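J.: Below you'll find entry00.json; it's JSON, C-alpha atoms.
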```
[["chain", "number", "residue", "atom", "x", "y", "z"],
["A", 684, "MET", "CA", -121.84, 212.30, 44.30],
["A", 685, "SER", "CA", -120.78, 214.31, 41.29],
["A", 686, "VAL", "CA", -119.33, 213.68, 37.84],
["A", 687, "SER", "CA", -118.31, 217.30, 37.24],
["A", 688, "HIS", "CA", -116.92, 217.93, 40.74],
["A", 689, "PRO", "CA", -115.83, 214.60, 42.30],
["A", 690, "ILE", "CA", -114.82, 214.21, 45.96],
["A", 691, "ILE", "CA", -112.32, 211.74, 47.42],
["A", 692, "ALA", "CA", -112.25, 211.25, 51.20],
["A", 693, "VAL", "CA", -109.67, 209.39, 53.26],
["A", 694, "THR", "CA", -110.82, 208.69, 56.80],
["A", 695, "GLY", "CA", -108.76, 207.36, 59.69],
["A", 696, "SER", "CA", -107.48, 208.43, 63.08],
["A", 697, "SER", "CA", -104.18, 210.24, 63.54],
["A", 698, "GLY", "CA", -101.21, 207.95, 63.05],
["A", 699, "ALA", "CA", -103.25, 205.37, 61.17],
["A", 700, "GLY", "CA", -101.31, 205.84, 57.96],
["A", 701, "THR", "CA", -103.44, 208.48, 56.32],
["A", 702, "SER", "CA", -100.27, 210.43, 55.47],
["A", 703, "THR", "CA", -99.11, 207.48, 53.34],
["A", 704, "VAL", "CA", -102.41, 207.64, 51.46],
["A", 705, "LYS", "CA", -102.03, 211.39, 51.06],
["A", 706, "HIS", "CA", -98.56, 211.00, 49.53],
["A", 707, "ALA", "CA", -99.84, 208.27, 47.19],
["A", 708, "PHE", "CA", -102.61, 210.54, 45.97],
["A", 709, "GLU", "CA", -100.19, 213.44, 45.56],
["A", 710, "ASP", "CA", -98.15, 211.24, 43.20],
["A", 711, "ILE", "CA", -101.28, 210.27, 41.27],
["A", 712, "PHE", "CA", -102.42, 213.89, 40.98],
["A", 713, "ARG", "CA", -98.97, 215.06, 39.85],
["A", 714, "ARG", "CA", -98.61, 212.41, 37.18],
["A", 715, "GLY", "CA", -102.16, 212.98, 35.94],
["A", 716, "GLY", "CA", -101.89, 216.77, 35.90],
["A", 717, "ILE", "CA", -104.82, 216.92, 38.31],
["A", 718, "LYS", "CA", -105.43, 220.02, 40.45],
["A", 719, "PRO", "CA", -107.09, 219.11, 43.76],
["A", 720, "VAL", "CA", -108.63, 221.18, 46.53],
["A", 721, "VAL", "CA", -107.00, 219.67, 49.64],
["A", 722, "VAL", "CA", -109.10, 219.74, 52.81],
["A", 723, "GLU", "CA", -107.74, 218.67, 56.21],
["A", 724, "GLY", "CA", -110.12, 217.28, 58.78],
["A", 725, "ASP", "CA", -108.37, 219.21, 61.58],
["A", 726, "SER", "CA", -109.58, 222.45, 60.03],
["A", 727, "PHE", "CA", -113.17, 221.49, 60.90],
["A", 728, "HIS", "CA", -112.56, 221.11, 64.63],
["A", 729, "ARG", "CA", -114.97, 223.29, 66.57],
["A", 730, "PHE", "CA", -112.35, 224.65, 68.99],
["A", 731, "ASN", "CA", -108.81, 225.95, 68.68],
["A", 732, "ARG", "CA", -106.20, 224.34, 70.95],
["A", 733, "ASP", "CA", -106.79, 226.52, 74.00],
["A", 734, "GLU", "CA", -110.56, 226.40, 73.62],
["A", 735, "MET", "CA", -110.44, 222.61, 73.36],
["A", 736, "HIS", "CA", -108.53, 222.33, 76.63],
["A", 737, "GLU", "CA", -111.21, 224.46, 78.31],
["A", 738, "ALA", "CA", -114.05, 222.50, 76.72],
["A", 739, "VAL", "CA", -112.51, 219.21, 77.86],
["A", 740, "GLU", "CA", -112.20, 220.52, 81.42],
["A", 741, "ARG", "CA", -115.85, 221.68, 81.42],
["A", 742, "ALA", "CA", -116.97, 218.28, 80.19],
["A", 743, "GLU", "CA", -114.94, 216.48, 82.86],
["A", 744, "GLU", "CA", -116.45, 218.69, 85.57],
["A", 745, "LYS", "CA", -119.83, 217.41, 84.40],
["A", 746, "GLY", "CA", -118.63, 213.81, 84.51],
["A", 747, "SER", "CA", -118.41, 213.36, 80.73],
["A", 748, "ALA", "CA", -115.63, 213.31, 78.15],
["A", 749, "LEU", "CA", -115.05, 215.38, 75.02],
["A", 750, "THR", "CA", -112.61, 214.25, 72.32],
["A", 751, "HIS", "CA", -111.80, 215.19, 68.75],
["A", 752, "PHE", "CA", -113.53, 211.97, 67.68],
["A", 753, "SER", "CA", -116.85, 213.34, 68.87],
["A", 754, "PRO", "CA", -119.26, 215.21, 66.55],
["A", 755, "GLU", "CA", -119.70, 217.79, 69.33],
["A", 756, "ALA", "CA", -116.04, 218.78, 68.99],
["A", 757, "ASN", "CA", -116.28, 219.37, 65.24],
["A", 758, "ARG", "CA", -118.12, 221.53, 62.71],
["A", 759, "LEU", "CA", -119.51, 218.61, 60.75],
["A", 760, "ASP", "CA", -122.30, 220.84, 59.50],
["A", 761, "ARG", "CA", -119.75, 223.01, 57.72],
["A", 762, "LEU", "CA", -117.92, 219.97, 56.37],
["A", 763, "GLU", "CA", -121.16, 218.59, 54.96],
["A", 764, "SER", "CA", -121.98, 222.00, 53.50],
["A", 765, "LEU", "CA", -118.57, 222.16, 51.80],
["A", 766, "PHE", "CA", -118.99, 218.68, 50.31],
["A", 767, "GLN", "CA", -122.49, 219.43, 49.06],
["A", 768, "THR", "CA", -121.60, 222.84, 47.63],
["A", 769, "TYR", "CA", -118.45, 221.53, 45.97],
["A", 770, "SER", "CA", -120.20, 218.51, 44.45],
["A", 771, "GLU", "CA", -122.84, 220.82, 42.97],
["A", 772, "THR", "CA", -120.78, 223.84, 41.91],
["A", 773, "GLY", "CA", -117.05, 223.15, 42.43],
["A", 774, "GLN", "CA", -117.03, 225.91, 45.03],
["A", 775, "GLY", "CA", -117.08, 226.18, 48.83],
["A", 776, "VAL", "CA", -115.11, 227.51, 51.79],
["A", 777, "LYS", "CA", -112.35, 225.97, 53.87],
["A", 778, "ARG", "CA", -109.69, 227.00, 56.41],
["A", 779, "HIS", "CA", -106.45, 225.61, 57.83],
["A", 780, "TYR", "CA", -105.45, 224.50, 61.33],
["A", 781, "VAL", "CA", -101.95, 225.64, 62.31],
["A", 782, "HIS", "CA", -100.21, 222.50, 63.59],
["A", 783, "ASP", "CA", -96.63, 223.55, 64.39],
["A", 784, "GLU", "CA", -94.08, 226.36, 64.46],
["A", 785, "ASP", "CA", -93.25, 226.02, 60.77],
["A", 786, "GLU", "CA", -96.88, 226.54, 59.86],
["A", 787, "ALA", "CA", -97.15, 229.36, 62.38],
["A", 788, "ILE", "CA", -94.42, 231.20, 60.48],
["A", 789, "LYS", "CA", -96.03, 230.39, 57.14],
["A", 790, "TYR", "CA", -99.48, 231.63, 58.11],
["A", 791, "GLY", "CA", -98.44, 234.31, 60.60],
["A", 792, "GLN", "CA", -100.61, 232.82, 63.35],
["A", 793, "ALA", "CA", -100.10, 231.04, 66.64],
["A", 794, "VAL", "CA", -99.86, 227.26, 66.78],
["A", 795, "GLY", "CA", -103.25, 225.71, 67.53],
["A", 796, "THR", "CA", -105.34, 228.37, 65.79],
["A", 797, "PHE", "CA", -107.33, 228.47, 62.56],
["A", 798, "THR", "CA", -106.80, 230.63, 59.49],
["A", 799, "PRO", "CA", -109.85, 232.59, 58.27],
["A", 800, "TRP", "CA", -112.42, 230.82, 56.11],
["A", 801, "GLN", "CA", -111.79, 231.39, 52.43],
["A", 802, "GLU", "CA", -113.14, 230.30, 49.06],
["A", 803, "VAL", "CA", -111.53, 227.25, 47.46],
["A", 804, "ASP", "CA", -109.89, 227.53, 44.05],
["A", 805, "SER", "CA", -112.59, 227.75, 41.43],
["A", 806, "ASP", "CA", -110.63, 225.86, 38.74],
["A", 807, "SER", "CA", -109.92, 222.63, 40.66],
["A", 808, "ASP", "CA", -110.45, 219.15, 39.22],
["A", 809, "LEU", "CA", -111.60, 217.45, 42.44],
["A", 810, "LEU", "CA", -111.72, 217.79, 46.23],
["A", 811, "PHE", "CA", -109.45, 215.61, 48.38],
["A", 812, "TYR", "CA", -110.28, 215.28, 52.12],
["A", 813, "GLU", "CA", -108.12, 213.58, 54.75],
["A", 814, "GLY", "CA", -109.27, 213.41, 58.36],
["A", 815, "LEU", "CA", -111.37, 211.74, 61.04],
["A", 816, "HIS", "CA", -114.87, 212.11, 59.64],
["A", 817, "GLY", "CA", -114.91, 211.45, 55.90],
["A", 818, "ALA", "CA", -117.60, 208.78, 56.23],
["A", 819, "ILE", "CA", -119.50, 209.84, 59.35],
["A", 820, "VAL", "CA", -123.28, 209.69, 59.58],
["A", 821, "THR", "CA", -125.22, 211.14, 62.52],
["A", 822, "ASP", "CA", -128.79, 212.25, 63.09],
["A", 823, "LYS", "CA", -127.72, 215.67, 61.80],
["A", 824, "VAL", "CA", -125.25, 215.05, 58.96],
["A", 825, "ASN", "CA", -124.54, 212.48, 56.25],
["A", 826, "ILE", "CA", -121.07, 213.17, 54.91],
["A", 827, "PRO", "CA", -120.50, 210.11, 52.66],
["A", 828, "GLN", "CA", -123.56, 210.78, 50.50],
["A", 829, "PHE", "CA", -121.50, 213.40, 48.65],
["A", 830, "VAL", "CA", -118.28, 211.38, 48.33],
["A", 831, "ASP", "CA", -117.34, 209.55, 45.11],
["A", 832, "LEU", "CA", -114.42, 207.51, 46.51],
["A", 833, "LEU", "CA", -114.14, 206.68, 50.22],
["A", 834, "ILE", "CA", -110.89, 205.26, 51.58],
["A", 835, "GLY", "CA", -110.46, 203.94, 55.12],
["A", 836, "VAL", "CA", -107.04, 203.67, 56.74],
["A", 837, "VAL", "CA", -106.93, 201.92, 60.10],
["A", 838, "PRO", "CA", -104.36, 199.79, 61.96],
["A", 839, "VAL", "CA", -105.46, 196.98, 64.24],
["A", 840, "ILE", "CA", -106.34, 198.54, 67.58],
["A", 841, "ASN", "CA", -103.23, 197.40, 69.49],
["A", 842, "LEU", "CA", -101.00, 198.92, 66.81],
["A", 843, "GLU", "CA", -102.96, 202.17, 66.97],
["A", 844, "TRP", "CA", -102.40, 202.32, 70.73],
["A", 845, "ILE", "CA", -98.69, 201.58, 70.35],
["A", 846, "GLN", "CA", -98.35, 204.41, 67.84],
["A", 847, "LYS", "CA", -100.23, 206.85, 70.06],
["A", 848, "VAL", "CA", -98.22, 206.01, 73.18],
["A", 849, "LYS", "CA", -94.94, 206.34, 71.28],
["A", 850, "ARG", "CA", -95.90, 209.61, 69.57],
["A", 851, "ASP", "CA", -97.42, 211.36, 72.59],
["A", 852, "CYS", "CA", -94.64, 210.34, 74.98],
["A", 853, "THR", "CA", -91.82, 211.15, 72.56],
["A", 854, "ASN", "CA", -93.13, 214.21, 70.71],
["A", 855, "ARG", "CA", -95.55, 215.76, 73.20],
["A", 856, "GLY", "CA", -93.90, 214.96, 76.52],
["A", 857, "TYR", "CA", -96.84, 213.03, 77.99],
["A", 858, "SER", "CA", -96.34, 210.26, 80.52],
["A", 859, "GLN", "CA", -97.51, 206.79, 79.57],
["A", 860, "GLU", "CA", -100.16, 206.98, 82.30],
["A", 861, "ALA", "CA", -101.52, 210.19, 80.80],
["A", 862, "VAL", "CA", -101.69, 208.68, 77.30],
["A", 863, "VAL", "CA", -103.52, 205.59, 78.59],
["A", 864, "ASP", "CA", -106.00, 207.90, 80.33],
["A", 865, "ILE", "CA", -106.60, 209.72, 77.03],
["A", 866, "ILE", "CA", -107.14, 206.42, 75.21],
["A", 867, "LEU", "CA", -109.72, 205.35, 77.79],
["A", 868, "LYS", "CA", -111.58, 208.66, 77.52],
["A", 869, "ARG", "CA", -111.60, 208.47, 73.72],
["A", 870, "MET", "CA", -112.82, 204.87, 73.52],
["A", 871, "PRO", "CA", -116.61, 205.54, 73.58],
["A", 872, "ASP", "CA", -116.29, 208.12, 70.80],
["A", 873, "TYR", "CA", -113.97, 205.81, 68.85],
["A", 874, "ILE", "CA", -116.46, 202.97, 69.06],
["A", 875, "HIS", "CA", -119.54, 205.04, 68.26],
["A", 876, "HIS", "CA", -118.21, 207.55, 65.72],
["A", 877, "ILE", "CA", -114.95, 206.30, 64.14],
["A", 878, "THR", "CA", -115.33, 202.53, 63.80],
["A", 879, "PRO", "CA", -118.71, 202.58, 61.95],
["A", 880, "GLN", "CA", -117.19, 204.65, 59.17],
["A", 881, "PHE", "CA", -115.07, 201.74, 57.97],
["A", 882, "SER", "CA", -118.22, 199.84, 56.98],
["A", 883, "ARG", "CA", -119.16, 202.68, 54.62],
["A", 884, "THR", "CA", -115.84, 202.99, 52.81],
["A", 885, "HIS", "CA", -115.22, 201.64, 49.30],
["A", 886, "ILE", "CA", -111.71, 200.43, 50.11],
["A", 887, "ASN", "CA", -110.01, 199.86, 53.48],
["A", 888, "PHE", "CA", -106.31, 199.56, 54.24],
["A", 889, "GLN", "CA", -105.63, 197.91, 57.59],
["A", 890, "ARG", "CA", -102.08, 197.43, 58.84],
["A", 891, "VAL", "CA", -101.48, 194.27, 60.87],
["A", 892, "PRO", "CA", -98.21, 193.67, 62.81],
["A", 893, "LEU", "CA", -96.52, 190.28, 62.62],
["A", 894, "ILE", "CA", -94.91, 190.50, 66.04],
["A", 895, "ASP", "CA", -96.39, 190.10, 69.50],
["A", 896, "THR", "CA", -98.35, 193.23, 70.42],
["A", 897, "SER", "CA", -100.53, 191.58, 73.05],
["A", 898, "ASN", "CA", -99.55, 194.24, 75.61],
["A", 899, "PRO", "CA", -99.35, 197.45, 73.55],
["A", 900, "PHE", "CA", -98.51, 199.55, 76.60],
["A", 901, "MET", "CA", -95.23, 197.71, 77.13],
["A", 902, "MET", "CA", -93.99, 198.11, 73.54],
["A", 903, "ARG", "CA", -90.95, 200.33, 73.20],
["A", 904, "GLU", "CA", -90.89, 200.55, 69.41],
["A", 905, "ILE", "CA", -93.58, 200.71, 66.73],
["A", 906, "PRO", "CA", -93.55, 197.58, 64.54],
["A", 907, "THR", "CA", -91.82, 198.43, 61.26],
["A", 908, "PRO", "CA", -93.31, 197.91, 57.78],
["A", 909, "ASP", "CA", -91.00, 194.88, 57.45],
["A", 910, "GLU", "CA", -92.80, 193.44, 60.47],
["A", 911, "SER", "CA", -96.30, 194.13, 59.15],
["A", 912, "LEU", "CA", -98.84, 193.24, 56.49],
["A", 913, "VAL", "CA", -101.65, 195.36, 55.07],
["A", 914, "VAL", "CA", -105.10, 193.89, 54.53],
["A", 915, "ILE", "CA", -106.94, 195.65, 51.69],
["A", 916, "ARG", "CA", -110.71, 195.18, 51.66],
["A", 917, "PHE", "CA", -112.88, 196.11, 48.66],
["A", 918, "LYS", "CA", -116.56, 196.77, 49.29],
["A", 919, "ASP", "CA", -117.33, 195.77, 45.70],
["A", 920, "PRO", "CA", -114.78, 193.21, 44.47],
["A", 921, "LYS", "CA", -116.18, 193.53, 40.93],
["A", 922, "GLN", "CA", -114.43, 196.90, 40.72],
["A", 923, "ALA", "CA", -111.03, 195.37, 41.59],
["A", 924, "ASP", "CA", -108.56, 193.90, 39.09],
["A", 925, "PHE", "CA", -107.09, 191.33, 41.47],
["A", 926, "PRO", "CA", -104.96, 189.43, 38.89],
["A", 927, "TYR", "CA", -103.24, 192.71, 37.95],
["A", 928, "TYR", "CA", -102.73, 193.74, 41.57],
["A", 929, "LEU", "CA", -101.23, 190.37, 42.48],
["A", 930, "SER", "CA", -98.88, 190.45, 39.49],
["A", 931, "MET", "CA", -97.63, 193.93, 40.39],
["A", 932, "LEU", "CA", -97.27, 193.43, 44.15],
["A", 933, "LYS", "CA", -94.76, 190.70, 44.96],
["A", 934, "GLY", "CA", -95.65, 188.72, 48.06],
["A", 935, "SER", "CA", -99.35, 189.62, 47.93],
["A", 936, "PHE", "CA", -102.17, 187.07, 48.13],
["A", 937, "MET", "CA", -105.95, 186.81, 48.43],
["A", 938, "SER", "CA", -107.36, 185.93, 51.87],
["A", 939, "ARG", "CA", -111.03, 186.29, 50.90],
["A", 940, "PRO", "CA", -112.82, 187.07, 47.63],
["A", 941, "ASN", "CA", -112.79, 190.78, 48.54],
["A", 942, "ASN", "CA", -109.62, 190.88, 50.68],
["A", 943, "MET", "CA", -106.04, 191.13, 49.46],
["A", 944, "VAL", "CA", -102.95, 191.05, 51.69],
["A", 945, "VAL", "CA", -99.74, 192.87, 50.76],
["A", 946, "PRO", "CA", -96.41, 193.44, 52.57],
["A", 947, "ALA", "CA", -96.65, 196.74, 54.46],
["A", 948, "VAL", "CA", -93.48, 197.99, 52.76],
["A", 949, "LYS", "CA", -95.52, 198.03, 49.55],
["A", 950, "MET", "CA", -98.50, 199.88, 51.01],
["A", 951, "GLY", "CA", -97.79, 203.13, 49.16],
["A", 952, "LEU", "CA", -97.22, 201.32, 45.88],
["A", 953, "ALA", "CA", -100.38, 199.28, 46.36],
["A", 954, "MET", "CA", -102.37, 202.46, 46.88],
["A", 955, "GLU", "CA", -101.06, 204.01, 43.69],
["A", 956, "ILE", "CA", -101.65, 200.85, 41.64],
["A", 957, "ILE", "CA", -105.20, 200.47, 42.97],
["A", 958, "MET", "CA", -106.25, 204.13, 43.01],
["A", 959, "THR", "CA", -104.85, 205.37, 39.71],
["A", 960, "PRO", "CA", -107.50, 203.69, 37.51],
["A", 961, "PHE", "CA", -110.30, 205.03, 39.73],
["A", 962, "ILE", "CA", -108.95, 208.59, 39.44],
["A", 963, "GLU", "CA", -108.36, 208.29, 35.71],
["A", 964, "GLU", "CA", -111.95, 207.12, 35.24],
["A", 965, "MET", "CA", -113.20, 210.09, 37.28],
["A", 966, "MET", "CA", -111.31, 212.50, 35.06],
["A", 967, "VAL", "CA", -112.56, 210.83, 31.86],
["A", 968, "ARG", "CA", -116.17, 211.16, 33.02],
["A", 969, "LYS", "CA", -115.53, 214.74, 34.08],
["A", 970, "ARG", "CA", -114.12, 215.67, 30.65],
["A", 971, "GLN", "CA", -116.95, 213.89, 28.86],
["A", 972, "ARG", "CA", -119.48, 215.84, 30.91],
["A", 973, "GLY", "CA", -117.64, 219.01, 29.87]]
```
Could you show the structure in this file as structure tokens?
T.:
Amino acid sequence: MSVSHPIIAVTGSSGAGTSTVKHAFEDIFRRGGIKPVVVEGDSFHRFNRDEMHEAVERAEEKGSALTHFSPEANRLDRLESLFQTYSETGQGVKRHYVHDEDEAIKYGQAVGTFTPWQEVDSDSDLLFYEGLHGAIVTDKVNIPQFVDLLIGVVPVINLEWIQKVKRDCTNRGYSQEAVVDIILKRMPDYIHHITPQFSRTHINFQRVPLIDTSNPFMMREIPTPDESLVVIRFKDPKQADFPYYLSMLKGSFMSRPNNMVVPAVKMGLAMEIIMTPFIEEMMVRKRQRG
């Protein structure tokens, strides 16, 4: 952890709502005049898209499974190195994963490839990471030891499956059977490498649907924010100003001493209300350190 070069990490699987967190932080940074180094977890995958397909096939031939959840499919050593170097010096190297055709035009590279590694901006105020492994600990790496604020974003598991089936069938042309097969193959890595991270985070946001999702593979539509609540868990409730949060977020209530529930339509607002004081305090300490 670092006063001069703080790091914020948002961890959660694709479709979990991490983009909502990202937008909330963008608003906070803009209003506070804060210049972040933005790091995407996808950029630390070990393989480009074609290489990953080949690696998955090789693993299946050996009777095992390889997924992006797995440490073996990622350069966690380089992610840890970036976090450590940045926390100590405000420097480090990162790259970008080209997700779609718009980015392919922007970067002049094929979809599914990586841009070259390059130095981060030397005059940044903090590093902001969003991806799968912001709080992962293995026998080789300990990512969260360098993070000043850890945020977990995770829907209940049935909702996560509903979102994946809908996205992969609609946007990627997969059959439902193929998506279910992917979910089954990813489950061991999800259990062993993704789930434990949410016990290390400082704050968790978990979206819970209020409609029947008992068979997620028969759902035709993703439950809307109007049909959902968000459970917000604070690791240290002493750091939370619950009376203020409750007064600002209509319809919210406490379910446990360290758990607050808010309407999902207010998730973005809740994030900004909760996170802004933490970021402001980081910047005050940074300026005082000089």
J.: Which value, in Å to one decimal, gives the distance between CA of Lys705 (chain A) and CA of Ile915 (chain A)?
T.: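 Those two atoms sit 16.5 Å apart.
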J.: Please determine, counting only C-alpha atoms, which residue among A:Asp872, A:Glu963, A:Asp725, A:Asp710 has the shortest atom-to-atom distance to Glu813 (chain A).
T.: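 Residue with the minimum atom-to-atom distance to Glu813 (chain A): A:Asp725.
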J.: Any idea what's packed within 10 Å of Ile711 (chain A), counting only C-alpha atoms, ignoring anything in its chain fewer than 3 positions away? Could you give it as a list in words?
T.: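 Once the adjacent positions are removed, what remains is Lys705, His706, Ala707, Phe708, Arg714, Gly715, Gly716, Ile717, Met954, Glu955, Ile956, Met958, Thr959, Pro960, Ile962 and Glu963 of chain A.
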J.: What's the 7 Å shell around His782 (chain A), counting all atoms listed in the file, without same-chain residues fewer than 3 positions away, as a JSON list (two decimals) with C-alpha atoms, in the frame of the given file?
T.:
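Generated output (result18.json):
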```json
[["chain", "number", "residue", "atom", "x", "y", "z"],
["A", 786, "GLU", "CA", -96.88, 226.54, 59.86],
["A", 794, "VAL", "CA", -99.86, 227.26, 66.78],
["A", 795, "GLY", "CA", -103.25, 225.71, 67.53]]
```
J.: With only C-alpha atoms as the basis for distance, which of A:Pro689, A:Pro926, A:Gly746, A:Pro899 is at the shortest distance from Asp831 (chain A)?
T.: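 Of all the options, A:Pro689 lies closest to Asp831 (chain A).
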J.: May I ask for the distance between CA of Leu832 (chain A) and CA of Ala692 (chain A), given in Å to one decimal place?
T.: 6.4 Å
J.: Nearest to Gly951 (chain A): which of A:Val704, A:Val891, A:Gly934, A:Gly695 is it, counting all atoms listed in the file?
T.: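 Ranking A:Val704, A:Val891, A:Gly934, A:Gly695 by distance to Gly951 (chain A), first place goes to A:Val704.
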J.: Between A:Phe961, A:Phe917, A:Phe811, A:Phe730, which has the minimum distance to Ile690 (chain A) (counting all atoms listed in the file)?
T.: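 Of A:Phe961, A:Phe917, A:Phe811, A:Phe730, the one nearest Ile690 (chain A) is A:Phe811, counting all atoms listed in the file.
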J.: Check the smallest atom-to-atom distance from each of A:Tyr857, A:Tyr769, A:Tyr927, A:Phe881 to Tyr812 (chain A) using all atoms listed in the file, then report the winner.
T.: A:Tyr769
J.: Quick one: of A:Val839, A:Leu929, A:Cys852, A:Val913, who's nearest to Lys949 (chain A), counting only C-alpha atoms?
T.: A:Val913
J.: Place a sphere of radius 12 Å on (-113.4, 211.5, 56.4) in the file coordinates and name every protein, DNA or RNA residue with an atom inside or on its surface, counting all atoms listed in the file; give the answer as a PDB file with C-alpha atoms, in the coordinates of the input.
T.:
```pdb
ATOM      1  CA  ILE A 690    -114.820 214.210  45.960  1.00  0.00           C
ATOM      2  CA  ILE A 691    -112.320 211.740  47.420  1.00  0.00           C
ATOM      3  CA  ALA A 692    -112.250 211.250  51.200  1.00  0.00           C
ATOM      4  CA  VAL A 693    -109.670 209.390  53.260  1.00  0.00           C
ATOM      5  CA  THR A 694    -110.820 208.690  56.800  1.00  0.00           C
ATOM      6  CA  GLY A 695    -108.760 207.360  59.690  1.00  0.00           C
ATOM      7  CA  SER A 696    -107.480 208.430  63.080  1.00  0.00           C
ATOM      8  CA  SER A 697    -104.180 210.240  63.540  1.00  0.00           C
ATOM      9  CA  THR A 701    -103.440 208.480  56.320  1.00  0.00           C
ATOM     10  CA  VAL A 722    -109.100 219.740  52.810  1.00  0.00           C
ATOM     11  CA  GLU A 723    -107.740 218.670  56.210  1.00  0.00           C
ATOM     12  CA  GLY A 724    -110.120 217.280  58.780  1.00  0.00           C
ATOM     13  CA  ASP A 725    -108.370 219.210  61.580  1.00  0.00           C
ATOM     14  CA  PHE A 727    -113.170 221.490  60.900  1.00  0.00           C
ATOM     15  CA  PHE A 752    -113.530 211.970  67.680  1.00  0.00           C
ATOM     16  CA  LEU A 759    -119.510 218.610  60.750  1.00  0.00           C
ATOM     17  CA  LEU A 762    -117.920 219.970  56.370  1.00  0.00           C
ATOM     18  CA  GLU A 763    -121.160 218.590  54.960  1.00  0.00           C
ATOM     19  CA  PHE A 766    -118.990 218.680  50.310  1.00  0.00           C
ATOM     20  CA  PHE A 811    -109.450 215.610  48.380  1.00  0.00           C
ATOM     21  CA  TYR A 812    -110.280 215.280  52.120  1.00  0.00           C
ATOM     22  CA  GLU A 813    -108.120 213.580  54.750  1.00  0.00           C
ATOM     23  CA  GLY A 814    -109.270 213.410  58.360  1.00  0.00           C
ATOM     24  CA  LEU A 815    -111.370 211.740  61.040  1.00  0.00           C
ATOM     25  CA  HIS A 816    -114.870 212.110  59.640  1.00  0.00           C
ATOM     26  CA  GLY A 817    -114.910 211.450  55.900  1.00  0.00           C
ATOM     27  CA  ALA A 818    -117.600 208.780  56.230  1.00  0.00           C
ATOM     28  CA  ILE A 819    -119.500 209.840  59.350  1.00  0.00           C
ATOM     29  CA  VAL A 820    -123.280 209.690  59.580  1.00  0.00           C
ATOM     30  CA  ASN A 825    -124.540 212.480  56.250  1.00  0.00           C
ATOM     31  CA  ILE A 826    -121.070 213.170  54.910  1.00  0.00           C
ATOM     32  CA  PRO A 827    -120.500 210.110  52.660  1.00  0.00           C
ATOM     33  CA  GLN A 828    -123.560 210.780  50.500  1.00  0.00           C
ATOM     34  CA  PHE A 829    -121.500 213.400  48.650  1.00  0.00           C
ATOM     35  CA  VAL A 830    -118.280 211.380  48.330  1.00  0.00           C
ATOM     36  CA  LEU A 832    -114.420 207.510  46.510  1.00  0.00           C
ATOM     37  CA  LEU A 833    -114.140 206.680  50.220  1.00  0.00           C
ATOM     38  CA  ILE A 834    -110.890 205.260  51.580  1.00  0.00           C
ATOM     39  CA  GLY A 835    -110.460 203.940  55.120  1.00  0.00           C
ATOM     40  CA  VAL A 836    -107.040 203.670  56.740  1.00  0.00           C
ATOM     41  CA  HIS A 876    -118.210 207.550  65.720  1.00  0.00           C
ATOM     42  CA  ILE A 877    -114.950 206.300  64.140  1.00  0.00           C
ATOM     43  CA  THR A 878    -115.330 202.530  63.800  1.00  0.00           C
ATOM     44  CA  PRO A 879    -118.710 202.580  61.950  1.00  0.00           C
ATOM     45  CA  GLN A 880    -117.190 204.650  59.170  1.00  0.00           C
ATOM     46  CA  PHE A 881    -115.070 201.740  57.970  1.00  0.00           C
ATOM     47  CA  ARG A 883    -119.160 202.680  54.620  1.00  0.00           C
ATOM     48  CA  THR A 884    -115.840 202.990  52.810  1.00  0.00           C
TER      49      THR A 884
END
```
